[in-house]
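A short write-up of the structure that comes next.
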2 protein chains.
Amino acid sequence: MNILSRMEELILLSVWKLQGEAYGLQIRTYLSELVEQELSVGAVYVPLKRLKKRGYLSSWDSDPTDERGGRTKRFYKLTEKGVTALQQVKTVQENAWSGLPDLGLGWNPSI
Amino acid sequence: MNILSRMEELILLSVWKLQGEAYGLQIRTYLSELVEQELSVGAVYVPLKRLKKRGYLSSWDSDPTDERGGRTKRFYKLTEKGVTALQQVKTVQENAWSGLPDLGLGWNPSI
DNA sequence: GTATTTGTTCTAAATTTTAAAACTAATATC
DNA sequence: GATATTAGTTTTAAAATTTAGAACAAATAC
């Protein structure tokens, strides 16, 4: 449909929200809380890569830290294109949710 | 992710919005305008069926009308479950979009 | 009858999602 | 130093979803 999928939108928004801390595992933690459900690592890393390949995200690799297991992280940030895509999906979303009639339903034959 | 996909959400919202006029082709027309892009018939009918099978929608078949080509239409309406799923996705959406920091970005190493 | 219109069904290809195993590289502990 | 543990990314294959469009059906129009 040429509009961001839900997962793509949520990942882009995570990157936005997390600012300098937007790397794979962190995004996964953040999103798992947001949707109140544990996400697999693949559920985050796979779309992250795709979003980068398509130019919605760019990335840079950090230096390792001196914490236990503190490997280099791949940080992401939104590109212009990423911001634009988010704006677009937000507009569609707002339009879709606006002007909904009451659910009272005189038009419903089965009630 | 156990949350409605974008297409599923848009279709459920179409059904809500269109009230008594929510049948396949009409939904397609409505959504095509909403997303400003022609949708194929399959892009609507396939998820419509799935949403019904999963209990988000129910349907009834109209009588044919006396217009040219006026065949019986399959009308849809939201079930309780459908309304609940929409509420859930709206909550996630609102949370995802709230509290976003400025995009000014002091944290961005490449600027 | 034949054409045209409105409508739904079907289906196969493409894309996206998902889970989980594999891999990598750091510190900790013995 | 060997082994364990932790934090992190990559890979992969199955499942699910999306999509286009052909096929089919049933109505009116000519």
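Each chain of the structure tokens is named A, B, ... in the order shown, its residues numbered from 1; ligands are numbered from 1 in display order.
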Can I get the residues of chain B within 8 Å of chain A, each with the closest pair of atoms and their distance in Å to one decimal, using only C-alpha atoms, sorted chain first then ascending number, as JSON lines?
```
{"residue": "B:Met1", "atom": "CA", "partner": "A:Leu39", "partner_atom": "CA", "distance": 7.7}
{"residue": "B:Ser5", "atom": "CA", "partner": "A:Arg6", "partner_atom": "CA", "distance": 6.0}
{"residue": "B:Arg6", "atom": "CA", "partner": "A:Arg6", "partner_atom": "CA", "distance": 5.6}
{"residue": "B:Leu10", "atom": "CA", "partner": "A:Ala96", "partner_atom": "CA", "distance": 6.9}
{"residue": "B:Leu13", "atom": "CA", "partner": "A:Ala96", "partner_atom": "CA", "distance": 6.6}
{"residue": "B:Ser14", "atom": "CA", "partner": "A:Ala96", "partner_atom": "CA", "distance": 7.7}
{"residue": "B:Trp16", "atom": "CA", "partner": "A:Leu100", "partner_atom": "CA", "distance": 6.9}
{"residue": "B:Lys17", "atom": "CA", "partner": "A:Leu100", "partner_atom": "CA", "distance": 5.3}
{"residue": "B:Gln19", "atom": "CA", "partner": "A:Trp107", "partner_atom": "CA", "distance": 6.7}
{"residue": "B:Gly20", "atom": "CA", "partner": "A:Trp107", "partner_atom": "CA", "distance": 5.4}
{"residue": "B:Leu34", "atom": "CA", "partner": "A:Val92", "partner_atom": "CA", "distance": 6.7}
{"residue": "B:Val35", "atom": "CA", "partner": "A:Val92", "partner_atom": "CA", "distance": 6.4}
{"residue": "B:Gln37", "atom": "CA", "partner": "A:Met1", "partner_atom": "CA", "distance": 7.8}
{"residue": "B:Leu39", "atom": "CA", "partner": "A:Met1", "partner_atom": "CA", "distance": 7.6}
{"residue": "B:Lys77", "atom": "CA", "partner": "A:Asn108", "partner_atom": "CA", "distance": 7.7}
{"residue": "B:Val92", "atom": "CA", "partner": "A:Val35", "partner_atom": "CA", "distance": 6.4}
{"residue": "B:Asn95", "atom": "CA", "partner": "A:Leu34", "partner_atom": "CA", "distance": 7.3}
{"residue": "B:Ala96", "atom": "CA", "partner": "A:Leu13", "partner_atom": "CA", "distance": 6.6}
{"residue": "B:Trp97", "atom": "CA", "partner": "A:Leu13", "partner_atom": "CA", "distance": 7.1}
{"residue": "B:Gly99", "atom": "CA", "partner": "A:Lys17", "partner_atom": "CA", "distance": 7.6}
{"residue": "B:Leu100", "atom": "CA", "partner": "A:Lys17", "partner_atom": "CA", "distance": 5.3}
{"residue": "B:Pro101", "atom": "CA", "partner": "A:Lys17", "partner_atom": "CA", "distance": 6.4}
{"residue": "B:Leu103", "atom": "CA", "partner": "A:Trp16", "partner_atom": "CA", "distance": 7.7}
{"residue": "B:Leu105", "atom": "CA", "partner": "A:Gln19", "partner_atom": "CA", "distance": 7.8}
{"residue": "B:Trp107", "atom": "CA", "partner": "A:Gly20", "partner_atom": "CA", "distance": 5.5}
{"residue": "B:Asn108", "atom": "CA", "partner": "A:Gly20", "partner_atom": "CA", "distance": 6.8}
```
With only C-alpha atoms (C1' of nucleotides) counted and 10 Å as the cut-off, give the residues of chain B in contact with chain D, each with its shortest interatomic distance in Å and the pair that gives it, as a Markdown table.
```
| residue | atom | partner | partner_atom | distance |
| --- | --- | --- | --- | --- |
| B:Ser5 | CA | D:DT17 | C1' | 8.8 |
| B:Met7 | CA | D:DT18 | C1' | 8.7 |
| B:Leu39 | CA | D:DT19 | C1' | 8.6 |
| B:Ser40 | CA | D:DA20 | C1' | 6.3 |
| B:Val41 | CA | D:DA20 | C1' | 8.3 |
| B:Gly42 | CA | D:DT19 | C1' | 6.7 |
| B:Ala43 | CA | D:DT19 | C1' | 5.7 |
| B:Val44 | CA | D:DT19 | C1' | 9.5 |
| B:Val46 | CA | D:DT18 | C1' | 8.7 |
| B:Pro47 | CA | D:DT17 | C1' | 8.5 |
| B:Pro64 | CA | D:DA27 | C1' | 7.7 |
| B:Thr65 | CA | D:DA27 | C1' | 8.2 |
| B:Asp66 | CA | D:DT28 | C1' | 7.7 |
| B:Glu67 | CA | D:DT28 | C1' | 6.7 |
| B:Arg68 | CA | D:DT28 | C1' | 4.2 |
| B:Gly69 | CA | D:DA27 | C1' | 4.2 |
| B:Gly70 | CA | D:DA27 | C1' | 5.4 |
| B:Arg71 | CA | D:DA27 | C1' | 5.6 |
| B:Thr72 | CA | D:DA26 | C1' | 8.6 |
```
Based on the selection just made, write N, CA, C and O atoms of those residues as a PDB file, in the first residue's frame.
```pdb
ATOM      1  N   SER B   5      -2.977  -5.175  11.966  1.00  0.00           N
ATOM      2  CA  SER B   5      -2.095  -4.585  10.957  1.00  0.00           C
ATOM      3  C   SER B   5      -2.734  -3.288  10.471  1.00  0.00           C
ATOM      4  O   SER B   5      -3.902  -3.002  10.741  1.00  0.00           O
ATOM      5  N   MET B   7      -3.604  -2.444   7.444  1.00  0.00           N
ATOM      6  CA  MET B   7      -4.715  -2.691   6.521  1.00  0.00           C
ATOM      7  C   MET B   7      -5.952  -3.140   7.273  1.00  0.00           C
ATOM      8  O   MET B   7      -7.062  -2.699   6.969  1.00  0.00           O
ATOM      9  N   LEU B  39      -6.565   0.907  -4.800  1.00  0.00           N
ATOM     10  CA  LEU B  39      -6.346  -0.426  -4.239  1.00  0.00           C
ATOM     11  C   LEU B  39      -6.960  -1.469  -5.154  1.00  0.00           C
ATOM     12  O   LEU B  39      -8.036  -1.255  -5.717  1.00  0.00           O
ATOM     13  N   SER B  40      -6.303  -2.596  -5.275  1.00  0.00           N
ATOM     14  CA  SER B  40      -6.879  -3.691  -6.048  1.00  0.00           C
ATOM     15  C   SER B  40      -8.051  -4.290  -5.268  1.00  0.00           C
ATOM     16  O   SER B  40      -8.169  -4.083  -4.061  1.00  0.00           O
ATOM     17  N   VAL B  41      -8.902  -5.011  -5.956  1.00  0.00           N
ATOM     18  CA  VAL B  41     -10.028  -5.603  -5.231  1.00  0.00           C
ATOM     19  C   VAL B  41      -9.542  -6.635  -4.218  1.00  0.00           C
ATOM     20  O   VAL B  41     -10.046  -6.698  -3.097  1.00  0.00           O
ATOM     21  N   GLY B  42      -8.536  -7.384  -4.613  1.00  0.00           N
ATOM     22  CA  GLY B  42      -8.011  -8.379  -3.675  1.00  0.00           C
ATOM     23  C   GLY B  42      -7.490  -7.765  -2.396  1.00  0.00           C
ATOM     24  O   GLY B  42      -7.619  -8.342  -1.321  1.00  0.00           O
ATOM     25  N   ALA B  43      -6.932  -6.581  -2.512  1.00  0.00           N
ATOM     26  CA  ALA B  43      -6.366  -5.908  -1.345  1.00  0.00           C
ATOM     27  C   ALA B  43      -7.431  -5.597  -0.310  1.00  0.00           C
ATOM     28  O   ALA B  43      -7.120  -5.333   0.852  1.00  0.00           O
ATOM     29  N   VAL B  44      -8.679  -5.628  -0.722  1.00  0.00           N
ATOM     30  CA  VAL B  44      -9.778  -5.391   0.217  1.00  0.00           C
ATOM     31  C   VAL B  44     -10.489  -6.694   0.574  1.00  0.00           C
ATOM     32  O   VAL B  44     -10.712  -6.991   1.751  1.00  0.00           O
ATOM     33  N   VAL B  46      -9.613  -9.865   0.395  1.00  0.00           N
ATOM     34  CA  VAL B  46      -8.878 -10.883   1.145  1.00  0.00           C
ATOM     35  C   VAL B  46      -8.867 -10.579   2.647  1.00  0.00           C
ATOM     36  O   VAL B  46      -9.278 -11.419   3.450  1.00  0.00           O
ATOM     37  N   PRO B  47      -8.408  -9.383   3.049  1.00  0.00           N
ATOM     38  CA  PRO B  47      -8.458  -9.109   4.495  1.00  0.00           C
ATOM     39  C   PRO B  47      -9.877  -9.051   5.059  1.00  0.00           C
ATOM     40  O   PRO B  47     -10.085  -9.426   6.218  1.00  0.00           O
ATOM     41  N   PRO B  64     -30.674  -8.190  -4.204  1.00  0.00           N
ATOM     42  CA  PRO B  64     -30.237  -7.438  -5.384  1.00  0.00           C
ATOM     43  C   PRO B  64     -31.107  -6.188  -5.531  1.00  0.00           C
ATOM     44  O   PRO B  64     -32.254  -6.172  -5.083  1.00  0.00           O
ATOM     45  N   THR B  65     -30.538  -5.145  -6.133  1.00  0.00           N
ATOM     46  CA  THR B  65     -31.328  -3.943  -6.400  1.00  0.00           C
ATOM     47  C   THR B  65     -31.662  -3.903  -7.873  1.00  0.00           C
ATOM     48  O   THR B  65     -31.151  -4.712  -8.655  1.00  0.00           O
ATOM     49  N   ASP B  66     -32.502  -2.946  -8.286  1.00  0.00           N
ATOM     50  CA  ASP B  66     -32.909  -2.884  -9.689  1.00  0.00           C
ATOM     51  C   ASP B  66     -32.035  -1.951 -10.513  1.00  0.00           C
ATOM     52  O   ASP B  66     -32.441  -1.458 -11.550  1.00  0.00           O
ATOM     53  N   GLU B  67     -30.816  -1.681 -10.004  1.00  0.00           N
ATOM     54  CA  GLU B  67     -29.889  -0.927 -10.834  1.00  0.00           C
ATOM     55  C   GLU B  67     -29.153  -1.883 -11.780  1.00  0.00           C
ATOM     56  O   GLU B  67     -29.014  -3.071 -11.474  1.00  0.00           O
ATOM     57  N   ARG B  68     -28.664  -1.316 -12.808  1.00  0.00           N
ATOM     58  CA  ARG B  68     -27.821  -2.102 -13.738  1.00  0.00           C
ATOM     59  C   ARG B  68     -26.675  -2.742 -12.941  1.00  0.00           C
ATOM     60  O   ARG B  68     -25.886  -2.060 -12.281  1.00  0.00           O
ATOM     61  N   GLY B  69     -26.557  -4.032 -13.053  1.00  0.00           N
ATOM     62  CA  GLY B  69     -25.499  -4.756 -12.348  1.00  0.00           C
ATOM     63  C   GLY B  69     -25.683  -4.834 -10.847  1.00  0.00           C
ATOM     64  O   GLY B  69     -24.780  -5.278 -10.138  1.00  0.00           O
ATOM     65  N   GLY B  70     -26.870  -4.428 -10.373  1.00  0.00           N
ATOM     66  CA  GLY B  70     -27.066  -4.342  -8.923  1.00  0.00           C
ATOM     67  C   GLY B  70     -27.240  -5.677  -8.224  1.00  0.00           C
ATOM     68  O   GLY B  70     -28.335  -6.054  -7.814  1.00  0.00           O
ATOM     69  N   ARG B  71     -26.164  -6.380  -8.092  1.00  0.00           N
ATOM     70  CA  ARG B  71     -26.220  -7.711  -7.486  1.00  0.00           C
ATOM     71  C   ARG B  71     -26.363  -7.639  -5.969  1.00  0.00           C
ATOM     72  O   ARG B  71     -26.326  -6.565  -5.381  1.00  0.00           O
ATOM     73  N   THR B  72     -26.487  -8.784  -5.356  1.00  0.00           N
ATOM     74  CA  THR B  72     -26.553  -8.765  -3.891  1.00  0.00           C
ATOM     75  C   THR B  72     -25.178  -8.392  -3.352  1.00  0.00           C
ATOM     76  O   THR B  72     -24.148  -8.839  -3.856  1.00  0.00           O
TER      77      THR B  72
END
```
Residue among B:Leu25, B:Leu57, B:Val15, B:Leu51 lying closest to chain C, counting only C-alpha atoms (C1' of nucleotides):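 Using only C-alpha atoms (C1' of nucleotides), chain C sits closest to B:Leu25.
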Distance-based interface of chain C with chain A, 8 Å, counting only C-alpha atoms (C1' of nucleotides), as a PDB file with N, CA, C and O atoms (P, O5', C5', C4', C3', O3' and C1' of nucleotides), in the first residue's frame:
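Contents of result.pdb, as written:
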```pdb
ATOM      1  P    DT C  17       6.200  -5.750   8.666  1.00  0.00           P
ATOM      2  O5'  DT C  17       6.110  -7.177   9.360  1.00  0.00           O
ATOM      3  C5'  DT C  17       4.855  -7.846   9.371  1.00  0.00           C
ATOM      4  C4'  DT C  17       4.978  -9.163  10.115  1.00  0.00           C
ATOM      5  C3'  DT C  17       5.642  -9.058  11.494  1.00  0.00           C
ATOM      6  O3'  DT C  17       4.717  -9.665  12.390  1.00  0.00           O
ATOM      7  C1'  DT C  17       6.616 -10.803  10.222  1.00  0.00           C
ATOM      8  P    DT C  18       4.909  -9.556  13.996  1.00  0.00           P
ATOM      9  O5'  DT C  18       5.743 -10.863  14.290  1.00  0.00           O
ATOM     10  C5'  DT C  18       5.146 -12.121  13.986  1.00  0.00           C
ATOM     11  C4'  DT C  18       6.175 -13.207  14.170  1.00  0.00           C
ATOM     12  C3'  DT C  18       7.048 -13.050  15.412  1.00  0.00           C
ATOM     13  O3'  DT C  18       6.491 -13.905  16.389  1.00  0.00           O
ATOM     14  C1'  DT C  18       8.248 -13.886  13.511  1.00  0.00           C
ATOM     15  P    DA C  19       7.125 -14.034  17.876  1.00  0.00           P
ATOM     16  O5'  DA C  19       8.080 -15.296  17.716  1.00  0.00           O
ATOM     17  C5'  DA C  19       7.589 -16.442  17.012  1.00  0.00           C
ATOM     18  C4'  DA C  19       8.677 -17.484  16.951  1.00  0.00           C
ATOM     19  C3'  DA C  19       9.529 -17.580  18.216  1.00  0.00           C
ATOM     20  O3'  DA C  19       9.665 -18.959  18.524  1.00  0.00           O
ATOM     21  C1'  DA C  19      10.920 -17.133  16.331  1.00  0.00           C
ATOM     22  P    DA C  25      34.264 -10.485  16.475  1.00  0.00           P
ATOM     23  O5'  DA C  25      34.217  -9.804  17.903  1.00  0.00           O
ATOM     24  C5'  DA C  25      33.361  -8.682  18.105  1.00  0.00           C
ATOM     25  C4'  DA C  25      33.247  -8.442  19.581  1.00  0.00           C
ATOM     26  C3'  DA C  25      34.583  -8.514  20.328  1.00  0.00           C
ATOM     27  O3'  DA C  25      34.606  -7.466  21.266  1.00  0.00           O
ATOM     28  C1'  DA C  25      33.033  -9.874  21.374  1.00  0.00           C
ATOM     29  P    DA C  26      35.942  -6.668  21.547  1.00  0.00           P
ATOM     30  O5'  DA C  26      35.900  -6.483  23.135  1.00  0.00           O
ATOM     31  C5'  DA C  26      35.088  -5.502  23.748  1.00  0.00           C
ATOM     32  C4'  DA C  26      34.271  -6.089  24.864  1.00  0.00           C
ATOM     33  C3'  DA C  26      35.020  -6.508  26.129  1.00  0.00           C
ATOM     34  O3'  DA C  26      35.297  -5.375  26.926  1.00  0.00           O
ATOM     35  C1'  DA C  26      33.201  -7.976  25.630  1.00  0.00           C
ATOM     36  P    DT C  27      36.373  -5.496  28.136  1.00  0.00           P
ATOM     37  O5'  DT C  27      35.502  -6.163  29.290  1.00  0.00           O
ATOM     38  C5'  DT C  27      34.366  -5.485  29.816  1.00  0.00           C
ATOM     39  C4'  DT C  27      33.671  -6.405  30.803  1.00  0.00           C
ATOM     40  C3'  DT C  27      34.468  -6.663  32.078  1.00  0.00           C
ATOM     41  O3'  DT C  27      33.533  -6.705  33.157  1.00  0.00           O
ATOM     42  C1'  DT C  27      33.988  -8.709  31.014  1.00  0.00           C
ATOM     43  P    DA C  28      33.965  -6.964  34.651  1.00  0.00           P
ATOM     44  O5'  DA C  28      33.688  -8.525  34.771  1.00  0.00           O
ATOM     45  C5'  DA C  28      32.368  -8.976  35.073  1.00  0.00           C
ATOM     46  C4'  DA C  28      32.452 -10.393  35.593  1.00  0.00           C
ATOM     47  C3'  DA C  28      33.306 -10.576  36.849  1.00  0.00           C
ATOM     48  O3'  DA C  28      32.563 -11.421  37.704  1.00  0.00           O
ATOM     49  C1'  DA C  28      34.068 -12.029  35.156  1.00  0.00           C
TER      50       DA C  28
END
```
All alpha helix (DSSP H) residues (DSSP, backbone) inside chain A, as a count of residues only: 54
